[in-house]
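What follows is the content of model_28.txt (compact mmCIF, N, CA and C atoms).
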```txt
# COMPACT_ATOMS: atom_id res chain seq x y z
N MET A 12 0.84 -1.17 0.00
CA MET A 12 0.00 0.00 0.00
C MET A 12 0.89 1.23 0.00
N GLY A 13 0.54 2.20 -0.83
CA GLY A 13 1.30 3.44 -0.90
C GLY A 13 1.05 4.32 0.31
N ASN A 14 1.97 5.27 0.50
CA ASN A 14 1.87 6.15 1.66
C ASN A 14 0.63 7.04 1.62
N ARG A 15 0.25 7.50 0.44
CA ARG A 15 -0.94 8.36 0.36
C ARG A 15 -2.21 7.57 0.65
N ARG A 16 -2.27 6.32 0.19
CA ARG A 16 -3.43 5.48 0.53
C ARG A 16 -3.49 5.26 2.04
N LEU A 17 -2.34 4.97 2.63
CA LEU A 17 -2.29 4.79 4.07
C LEU A 17 -2.75 6.06 4.79
N SER A 18 -2.31 7.21 4.30
CA SER A 18 -2.73 8.48 4.90
C SER A 18 -4.24 8.65 4.83
N ARG A 19 -4.81 8.31 3.69
CA ARG A 19 -6.27 8.44 3.53
C ARG A 19 -7.00 7.47 4.47
N GLU A 20 -6.50 6.26 4.58
CA GLU A 20 -7.13 5.30 5.48
C GLU A 20 -7.02 5.76 6.93
N LEU A 21 -5.89 6.32 7.30
CA LEU A 21 -5.75 6.86 8.65
C LEU A 21 -6.69 8.04 8.86
N ALA A 22 -6.85 8.88 7.86
CA ALA A 22 -7.79 10.00 7.97
C ALA A 22 -9.21 9.50 8.20
N ILE A 23 -9.61 8.46 7.47
CA ILE A 23 -10.94 7.89 7.65
C ILE A 23 -11.09 7.29 9.04
N GLN A 24 -10.07 6.61 9.50
CA GLN A 24 -10.11 6.03 10.84
C GLN A 24 -10.24 7.13 11.89
N PHE A 25 -9.51 8.23 11.72
CA PHE A 25 -9.61 9.33 12.68
C PHE A 25 -10.99 9.97 12.64
N LEU A 26 -11.52 10.20 11.45
CA LEU A 26 -12.85 10.79 11.35
C LEU A 26 -13.90 9.90 12.02
N TYR A 27 -13.77 8.61 11.82
CA TYR A 27 -14.67 7.65 12.48
C TYR A 27 -14.50 7.76 14.00
N PHE A 28 -13.26 7.79 14.45
CA PHE A 28 -12.95 7.90 15.88
C PHE A 28 -13.59 9.15 16.48
N THR A 29 -13.52 10.28 15.79
CA THR A 29 -14.08 11.52 16.33
C THR A 29 -15.59 11.48 16.41
N GLU A 30 -16.22 10.74 15.50
CA GLU A 30 -17.68 10.65 15.55
C GLU A 30 -18.16 9.71 16.65
N MET A 31 -17.33 8.77 17.03
CA MET A 31 -17.72 7.79 18.03
C MET A 31 -17.29 8.18 19.45
N ASN A 32 -16.46 9.22 19.57
CA ASN A 32 -15.92 9.61 20.87
C ASN A 32 -16.04 11.12 21.05
N GLU A 33 -16.36 11.52 22.24
CA GLU A 33 -16.42 12.94 22.55
C GLU A 33 -15.04 13.42 22.98
N GLY A 34 -14.82 14.70 22.84
CA GLY A 34 -13.57 15.27 23.30
C GLY A 34 -13.05 16.33 22.37
N GLU A 35 -12.06 17.04 22.85
CA GLU A 35 -11.41 18.08 22.07
C GLU A 35 -10.66 17.45 20.90
N LEU A 36 -10.75 18.07 19.76
CA LEU A 36 -10.12 17.56 18.54
C LEU A 36 -8.61 17.37 18.72
N ASP A 37 -7.94 18.35 19.31
CA ASP A 37 -6.49 18.25 19.51
C ASP A 37 -6.12 17.06 20.39
N HIS A 38 -6.89 16.86 21.45
CA HIS A 38 -6.62 15.73 22.35
C HIS A 38 -6.88 14.41 21.63
N GLN A 39 -7.95 14.36 20.83
CA GLN A 39 -8.25 13.14 20.09
C GLN A 39 -7.15 12.83 19.08
N LEU A 40 -6.64 13.85 18.41
CA LEU A 40 -5.58 13.64 17.43
C LEU A 40 -4.30 13.15 18.11
N LYS A 41 -3.96 13.73 19.24
CA LYS A 41 -2.78 13.29 19.99
C LYS A 41 -2.93 11.82 20.39
N SER A 42 -4.08 11.46 20.91
CA SER A 42 -4.34 10.08 21.30
C SER A 42 -4.29 9.14 20.09
N PHE A 43 -4.84 9.60 18.97
CA PHE A 43 -4.85 8.80 17.75
C PHE A 43 -3.43 8.49 17.30
N TRP A 44 -2.57 9.51 17.28
CA TRP A 44 -1.19 9.29 16.83
C TRP A 44 -0.40 8.42 17.80
N GLU A 45 -0.72 8.50 19.08
CA GLU A 45 -0.06 7.61 20.05
C GLU A 45 -0.38 6.15 19.76
N ASN A 46 -1.60 5.91 19.29
CA ASN A 46 -2.04 4.54 19.00
C ASN A 46 -1.78 4.11 17.56
N ASN A 47 -1.39 5.04 16.71
CA ASN A 47 -1.16 4.75 15.29
C ASN A 47 0.12 5.41 14.81
N PRO A 48 1.25 4.99 15.35
CA PRO A 48 2.51 5.61 14.90
C PRO A 48 2.78 5.29 13.43
N CYS A 49 3.39 6.23 12.74
CA CYS A 49 3.67 6.05 11.31
C CYS A 49 4.80 6.98 10.90
N GLN A 50 5.21 6.87 9.64
CA GLN A 50 6.25 7.73 9.10
C GLN A 50 5.76 9.17 9.06
N GLU A 51 6.69 10.09 9.15
CA GLU A 51 6.35 11.52 9.19
C GLU A 51 5.60 11.97 7.94
N ASP A 52 5.97 11.48 6.75
CA ASP A 52 5.28 11.91 5.53
C ASP A 52 3.84 11.41 5.51
N VAL A 53 3.59 10.24 6.06
CA VAL A 53 2.22 9.71 6.15
C VAL A 53 1.41 10.57 7.11
N ARG A 54 1.99 10.85 8.26
CA ARG A 54 1.30 11.67 9.25
C ARG A 54 1.00 13.07 8.70
N SER A 55 1.98 13.64 8.02
CA SER A 55 1.83 14.99 7.47
C SER A 55 0.69 15.05 6.45
N PHE A 56 0.66 14.09 5.52
CA PHE A 56 -0.40 14.09 4.51
C PHE A 56 -1.76 13.82 5.15
N THR A 57 -1.80 12.94 6.15
CA THR A 57 -3.05 12.68 6.87
C THR A 57 -3.56 13.96 7.51
N GLU A 58 -2.67 14.68 8.16
CA GLU A 58 -3.08 15.92 8.83
C GLU A 58 -3.48 16.99 7.82
N ASP A 59 -2.86 17.02 6.65
CA ASP A 59 -3.29 17.95 5.60
C ASP A 59 -4.73 17.65 5.19
N ILE A 60 -5.03 16.37 5.01
CA ILE A 60 -6.40 15.96 4.65
C ILE A 60 -7.37 16.40 5.74
N LEU A 61 -7.03 16.08 6.98
CA LEU A 61 -7.93 16.40 8.10
C LEU A 61 -8.12 17.90 8.25
N ASN A 62 -7.05 18.67 8.09
CA ASN A 62 -7.17 20.12 8.19
C ASN A 62 -8.11 20.67 7.13
N ASP A 63 -7.99 20.19 5.89
CA ASP A 63 -8.90 20.65 4.83
C ASP A 63 -10.35 20.30 5.17
N ILE A 64 -10.56 19.12 5.68
CA ILE A 64 -11.93 18.70 6.02
C ILE A 64 -12.48 19.58 7.14
N PHE A 65 -11.74 19.73 8.22
CA PHE A 65 -12.25 20.50 9.35
C PHE A 65 -12.33 21.99 9.05
N ASP A 66 -11.42 22.52 8.24
CA ASP A 66 -11.46 23.94 7.89
C ASP A 66 -12.63 24.28 6.97
N HIS A 67 -13.08 23.32 6.17
CA HIS A 67 -14.12 23.58 5.17
C HIS A 67 -15.34 22.66 5.33
N LYS A 68 -15.54 22.15 6.52
CA LYS A 68 -16.59 21.15 6.74
C LYS A 68 -17.98 21.63 6.31
N LYS A 69 -18.30 22.86 6.62
CA LYS A 69 -19.62 23.39 6.28
C LYS A 69 -19.83 23.38 4.75
N GLU A 70 -18.85 23.85 4.01
CA GLU A 70 -18.95 23.90 2.55
C GLU A 70 -18.98 22.49 1.95
N ILE A 71 -18.14 21.62 2.49
CA ILE A 71 -18.10 20.23 2.00
C ILE A 71 -19.44 19.55 2.25
N ASP A 72 -19.94 19.67 3.48
CA ASP A 72 -21.22 19.03 3.81
C ASP A 72 -22.36 19.58 2.97
N SER A 73 -22.31 20.85 2.66
CA SER A 73 -23.33 21.46 1.81
C SER A 73 -23.34 20.81 0.42
N GLN A 74 -22.16 20.60 -0.15
CA GLN A 74 -22.07 19.93 -1.45
C GLN A 74 -22.56 18.48 -1.37
N LEU A 75 -22.19 17.81 -0.30
CA LEU A 75 -22.62 16.42 -0.15
C LEU A 75 -24.14 16.31 -0.02
N GLU A 76 -24.74 17.20 0.75
CA GLU A 76 -26.20 17.21 0.89
C GLU A 76 -26.86 17.49 -0.46
N LYS A 77 -26.28 18.41 -1.20
CA LYS A 77 -26.84 18.80 -2.50
C LYS A 77 -26.85 17.64 -3.49
N TYR A 78 -25.79 16.83 -3.49
CA TYR A 78 -25.65 15.81 -4.53
C TYR A 78 -25.91 14.38 -4.08
N SER A 79 -26.29 14.17 -2.87
CA SER A 79 -26.63 12.81 -2.44
C SER A 79 -28.15 12.72 -2.34
N ASP A 80 -28.75 12.50 -3.49
CA ASP A 80 -30.21 12.48 -3.61
C ASP A 80 -30.87 11.66 -2.51
N HIS A 81 -31.81 12.30 -1.84
CA HIS A 81 -32.65 11.65 -0.83
C HIS A 81 -31.87 11.11 0.36
N TRP A 82 -30.66 11.57 0.55
CA TRP A 82 -29.85 11.15 1.69
C TRP A 82 -29.38 12.39 2.44
N THR A 83 -29.65 12.41 3.73
CA THR A 83 -29.04 13.43 4.57
C THR A 83 -27.76 12.84 5.12
N LEU A 84 -26.84 13.68 5.51
CA LEU A 84 -25.57 13.18 6.05
C LEU A 84 -25.79 12.30 7.27
N SER A 85 -26.78 12.65 8.08
CA SER A 85 -27.03 11.87 9.30
C SER A 85 -27.54 10.46 8.99
N ARG A 86 -28.14 10.25 7.82
CA ARG A 86 -28.64 8.93 7.45
C ARG A 86 -27.58 8.05 6.81
N MET A 87 -26.48 8.65 6.37
CA MET A 87 -25.42 7.88 5.71
C MET A 87 -24.64 7.07 6.73
N ALA A 88 -24.09 5.97 6.27
CA ALA A 88 -23.17 5.20 7.11
C ALA A 88 -21.97 6.10 7.44
N VAL A 89 -21.45 5.96 8.64
CA VAL A 89 -20.35 6.81 9.10
C VAL A 89 -19.16 6.75 8.13
N ILE A 90 -18.82 5.55 7.67
CA ILE A 90 -17.69 5.41 6.75
C ILE A 90 -17.98 6.13 5.44
N ASP A 91 -19.17 5.94 4.87
CA ASP A 91 -19.51 6.59 3.61
C ASP A 91 -19.47 8.11 3.75
N ARG A 92 -20.06 8.62 4.81
CA ARG A 92 -20.10 10.07 5.03
C ARG A 92 -18.68 10.64 5.08
N ASN A 93 -17.80 9.96 5.79
CA ASN A 93 -16.45 10.49 5.94
C ASN A 93 -15.58 10.26 4.71
N LEU A 94 -15.82 9.18 3.99
CA LEU A 94 -15.13 9.02 2.70
C LEU A 94 -15.54 10.12 1.74
N LEU A 95 -16.81 10.44 1.73
CA LEU A 95 -17.29 11.52 0.87
C LEU A 95 -16.68 12.85 1.29
N ARG A 96 -16.62 13.10 2.58
CA ARG A 96 -16.00 14.35 3.05
C ARG A 96 -14.55 14.44 2.61
N MET A 97 -13.83 13.33 2.78
CA MET A 97 -12.41 13.33 2.43
C MET A 97 -12.22 13.59 0.93
N ALA A 98 -12.91 12.83 0.10
CA ALA A 98 -12.73 12.98 -1.34
C ALA A 98 -13.26 14.32 -1.84
N ALA A 99 -14.38 14.77 -1.30
CA ALA A 99 -14.91 16.08 -1.71
C ALA A 99 -13.93 17.18 -1.34
N SER A 100 -13.28 17.07 -0.18
CA SER A 100 -12.30 18.09 0.19
C SER A 100 -11.13 18.09 -0.79
N GLU A 101 -10.73 16.90 -1.25
CA GLU A 101 -9.65 16.84 -2.24
C GLU A 101 -10.10 17.43 -3.58
N LEU A 102 -11.34 17.13 -3.97
CA LEU A 102 -11.87 17.69 -5.23
C LEU A 102 -11.96 19.21 -5.16
N MET A 103 -12.40 19.71 -4.02
CA MET A 103 -12.68 21.13 -3.89
C MET A 103 -11.46 21.99 -3.54
N TYR A 104 -10.51 21.43 -2.79
CA TYR A 104 -9.45 22.27 -2.22
C TYR A 104 -8.03 21.84 -2.54
N SER A 105 -7.80 20.60 -2.94
CA SER A 105 -6.44 20.16 -3.17
C SER A 105 -5.92 20.67 -4.51
N LYS A 106 -4.70 21.13 -4.49
CA LYS A 106 -4.04 21.57 -5.73
C LYS A 106 -3.08 20.50 -6.23
N THR A 107 -2.92 19.42 -5.45
CA THR A 107 -1.93 18.40 -5.82
C THR A 107 -2.55 17.04 -6.15
N VAL A 108 -3.83 16.85 -5.85
CA VAL A 108 -4.47 15.55 -6.10
C VAL A 108 -5.40 15.68 -7.30
N PRO A 109 -5.13 14.94 -8.38
CA PRO A 109 -6.02 14.98 -9.54
C PRO A 109 -7.42 14.45 -9.16
N PRO A 110 -8.47 15.02 -9.72
CA PRO A 110 -9.83 14.59 -9.38
C PRO A 110 -10.06 13.09 -9.53
N LYS A 111 -9.58 12.51 -10.60
CA LYS A 111 -9.77 11.07 -10.80
C LYS A 111 -9.13 10.26 -9.68
N VAL A 112 -7.98 10.71 -9.20
CA VAL A 112 -7.30 10.02 -8.10
C VAL A 112 -8.12 10.13 -6.82
N ALA A 113 -8.64 11.32 -6.54
CA ALA A 113 -9.45 11.51 -5.32
C ALA A 113 -10.66 10.57 -5.34
N ILE A 114 -11.32 10.49 -6.47
CA ILE A 114 -12.50 9.63 -6.58
C ILE A 114 -12.11 8.16 -6.50
N ASP A 115 -11.09 7.78 -7.25
CA ASP A 115 -10.66 6.38 -7.26
C ASP A 115 -10.23 5.92 -5.87
N GLU A 116 -9.48 6.74 -5.17
CA GLU A 116 -9.03 6.38 -3.82
C GLU A 116 -10.23 6.19 -2.89
N ALA A 117 -11.20 7.09 -2.95
CA ALA A 117 -12.38 6.95 -2.09
C ALA A 117 -13.14 5.67 -2.41
N VAL A 118 -13.28 5.35 -3.68
CA VAL A 118 -13.99 4.14 -4.08
C VAL A 118 -13.23 2.89 -3.60
N GLU A 119 -11.93 2.88 -3.76
CA GLU A 119 -11.13 1.73 -3.32
C GLU A 119 -11.19 1.54 -1.81
N ILE A 120 -11.13 2.62 -1.07
CA ILE A 120 -11.22 2.52 0.39
C ILE A 120 -12.62 2.09 0.80
N ALA A 121 -13.64 2.52 0.06
CA ALA A 121 -15.01 2.10 0.33
C ALA A 121 -15.17 0.59 0.16
N LYS A 122 -14.47 0.03 -0.82
CA LYS A 122 -14.52 -1.42 -1.02
C LYS A 122 -13.97 -2.16 0.19
N LYS A 123 -13.01 -1.55 0.85
CA LYS A 123 -12.36 -2.18 1.99
C LYS A 123 -13.16 -1.99 3.29
N TYR A 124 -13.70 -0.79 3.49
CA TYR A 124 -14.31 -0.45 4.78
C TYR A 124 -15.83 -0.28 4.73
N GLY A 125 -16.38 -0.08 3.55
CA GLY A 125 -17.81 0.21 3.45
C GLY A 125 -18.65 -1.02 3.22
N THR A 126 -19.88 -0.77 2.84
CA THR A 126 -20.81 -1.85 2.52
C THR A 126 -20.68 -2.20 1.04
N GLU A 127 -21.44 -3.17 0.61
CA GLU A 127 -21.43 -3.58 -0.80
C GLU A 127 -21.86 -2.43 -1.72
N ASP A 128 -22.77 -1.58 -1.21
CA ASP A 128 -23.28 -0.46 -2.00
C ASP A 128 -22.41 0.80 -1.93
N SER A 129 -21.49 0.84 -1.00
CA SER A 129 -20.70 2.06 -0.78
C SER A 129 -19.93 2.53 -2.00
N PRO A 130 -19.20 1.67 -2.70
CA PRO A 130 -18.40 2.18 -3.84
C PRO A 130 -19.24 2.90 -4.90
N ASN A 131 -20.36 2.33 -5.30
CA ASN A 131 -21.20 2.97 -6.32
C ASN A 131 -21.82 4.27 -5.81
N PHE A 132 -22.27 4.27 -4.57
CA PHE A 132 -22.85 5.47 -3.97
C PHE A 132 -21.82 6.60 -3.94
N ILE A 133 -20.65 6.30 -3.45
CA ILE A 133 -19.59 7.30 -3.34
C ILE A 133 -19.16 7.80 -4.71
N ASN A 134 -19.00 6.90 -5.65
CA ASN A 134 -18.62 7.27 -7.01
C ASN A 134 -19.67 8.22 -7.61
N GLY A 135 -20.93 7.90 -7.44
CA GLY A 135 -21.99 8.73 -8.01
C GLY A 135 -22.02 10.13 -7.44
N VAL A 136 -21.93 10.25 -6.12
CA VAL A 136 -21.97 11.57 -5.49
C VAL A 136 -20.75 12.39 -5.91
N LEU A 137 -19.59 11.77 -5.88
CA LEU A 137 -18.37 12.50 -6.23
C LEU A 137 -18.33 12.90 -7.70
N ASP A 138 -18.85 12.05 -8.58
CA ASP A 138 -18.94 12.42 -10.01
C ASP A 138 -19.79 13.67 -10.18
N ARG A 139 -20.88 13.76 -9.44
CA ARG A 139 -21.77 14.92 -9.55
C ARG A 139 -21.07 16.19 -9.05
N ILE A 140 -20.34 16.08 -7.95
CA ILE A 140 -19.60 17.23 -7.43
C ILE A 140 -18.54 17.66 -8.44
N LEU A 141 -17.80 16.70 -8.98
CA LEU A 141 -16.77 17.00 -9.97
C LEU A 141 -17.37 17.70 -11.18
N LYS A 142 -18.50 17.23 -11.63
CA LYS A 142 -19.15 17.83 -12.81
C LYS A 142 -19.51 19.29 -12.54
N GLU A 143 -19.95 19.61 -11.32
CA GLU A 143 -20.27 21.00 -11.01
C GLU A 143 -19.00 21.85 -10.93
N LEU A 144 -17.96 21.29 -10.32
CA LEU A 144 -16.71 22.04 -10.17
C LEU A 144 -16.00 22.26 -11.51
N ASN A 145 -16.11 21.26 -12.40
CA ASN A 145 -15.43 21.30 -13.69
C ASN A 145 -16.40 20.86 -14.79
N PRO A 146 -17.31 21.73 -15.20
CA PRO A 146 -18.33 21.33 -16.17
C PRO A 146 -17.79 20.83 -17.50
N ASP A 147 -16.57 21.23 -17.85
CA ASP A 147 -16.00 20.83 -19.14
C ASP A 147 -15.31 19.47 -19.09
N VAL A 148 -15.12 18.95 -17.87
CA VAL A 148 -14.45 17.65 -17.71
C VAL A 148 -15.50 16.56 -17.71
N PRO A 149 -15.31 15.50 -18.52
CA PRO A 149 -16.28 14.39 -18.49
C PRO A 149 -16.30 13.75 -17.12
N GLN A 150 -17.47 13.24 -16.74
CA GLN A 150 -17.57 12.59 -15.44
C GLN A 150 -16.59 11.43 -15.36
N ALA A 151 -16.16 11.15 -14.14
CA ALA A 151 -15.14 10.11 -13.94
C ALA A 151 -15.61 8.75 -14.44
N SER A 152 -16.87 8.44 -14.23
CA SER A 152 -17.44 7.19 -14.73
C SER A 152 -16.49 6.02 -14.53
N LEU A 153 -16.17 5.77 -13.29
CA LEU A 153 -15.24 4.71 -12.97
C LEU A 153 -15.86 3.32 -13.10
N ASN A 154 -17.17 3.26 -13.31
CA ASN A 154 -17.86 1.98 -13.52
C ASN A 154 -17.48 0.95 -12.47
N GLN A 155 -17.62 1.34 -11.23
CA GLN A 155 -17.27 0.42 -10.15
C GLN A 155 -18.30 -0.64 -9.99
```

Target encoding structure tokens, full file:
Amino acid sequence: MGNRRLSRELAIQFLYFTEMNEGELDHQLKSFWENNPCQEDVRSFTEDILNDIFDHKKEIDSQLEKYSDHWTLSRMAVIDRNLLRMAASELMYSKTVPPKVAIDEAVEIAKKYGTEDSPNFINGVLDRILKELNPDVPQASLNQ
């Protein structure tokens, strides 16, 4: 597994952890790293992902609500909701991650951690967000 995939998986694990546990974000992150030691580049990229998500959570969640037909964020599985947040933040704010990579990574992680329906659901929502952000780019259509 590549370092960026590992970073994304750690980001998803942390997001899940924060939803299941109360506490200050800084304290939770410190505890998380104590229990999940890793290389500095992995930790750095994970924290970049998390910072983008937490800094822009309102805007990200607004896009997710808009494009997840008949689904509110509270009704989504925790893993799906956070995979969507992670990939949407990369689509919307990352200058270094190509859109196709952001979508593909989310779909692959969904196959590992989500339900049978997660990959298609995530692919569909992210394709719609990508289409709005870049109307001239054909949808990813990863055919998962």

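Of note, CA of Phe28 (chain A) and CA of Asp72 (chain A) are spaced 18.4 Å apart.
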
So how far away is atom C of Arg139 (chain A) from atom C of Ile71 (chain A), in Å? 11.9 Å

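The shortest atom-to-atom distance to Leu137 (chain A), with all atoms listed in the file taken into account, belongs to A:Ser79 out of A:Ser79, A:Thr107, A:Ser42, A:Asn93.
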
Using all atoms listed in the file and a cutoff of 8 Å, can you tell me which residues are near (-13.5, 7.7, 0.3) in the file's coordinates, and write them out as a PyMOL selection string? chain A and resi 19+23+90-99+113-122+133

Pick from A:Gly125, A:Leu102, A:Glu58, A:Ser85: nearest to Leu21 (chain A), with only N, CA and C atoms counted? A:Glu58

Mind checking DSSP for region 31-126 of chain A and telling me the alpha helix (DSSP H) residues as a ChimeraX atom specification? /A:31,36-46,51-66,68-78,89-104,110-124
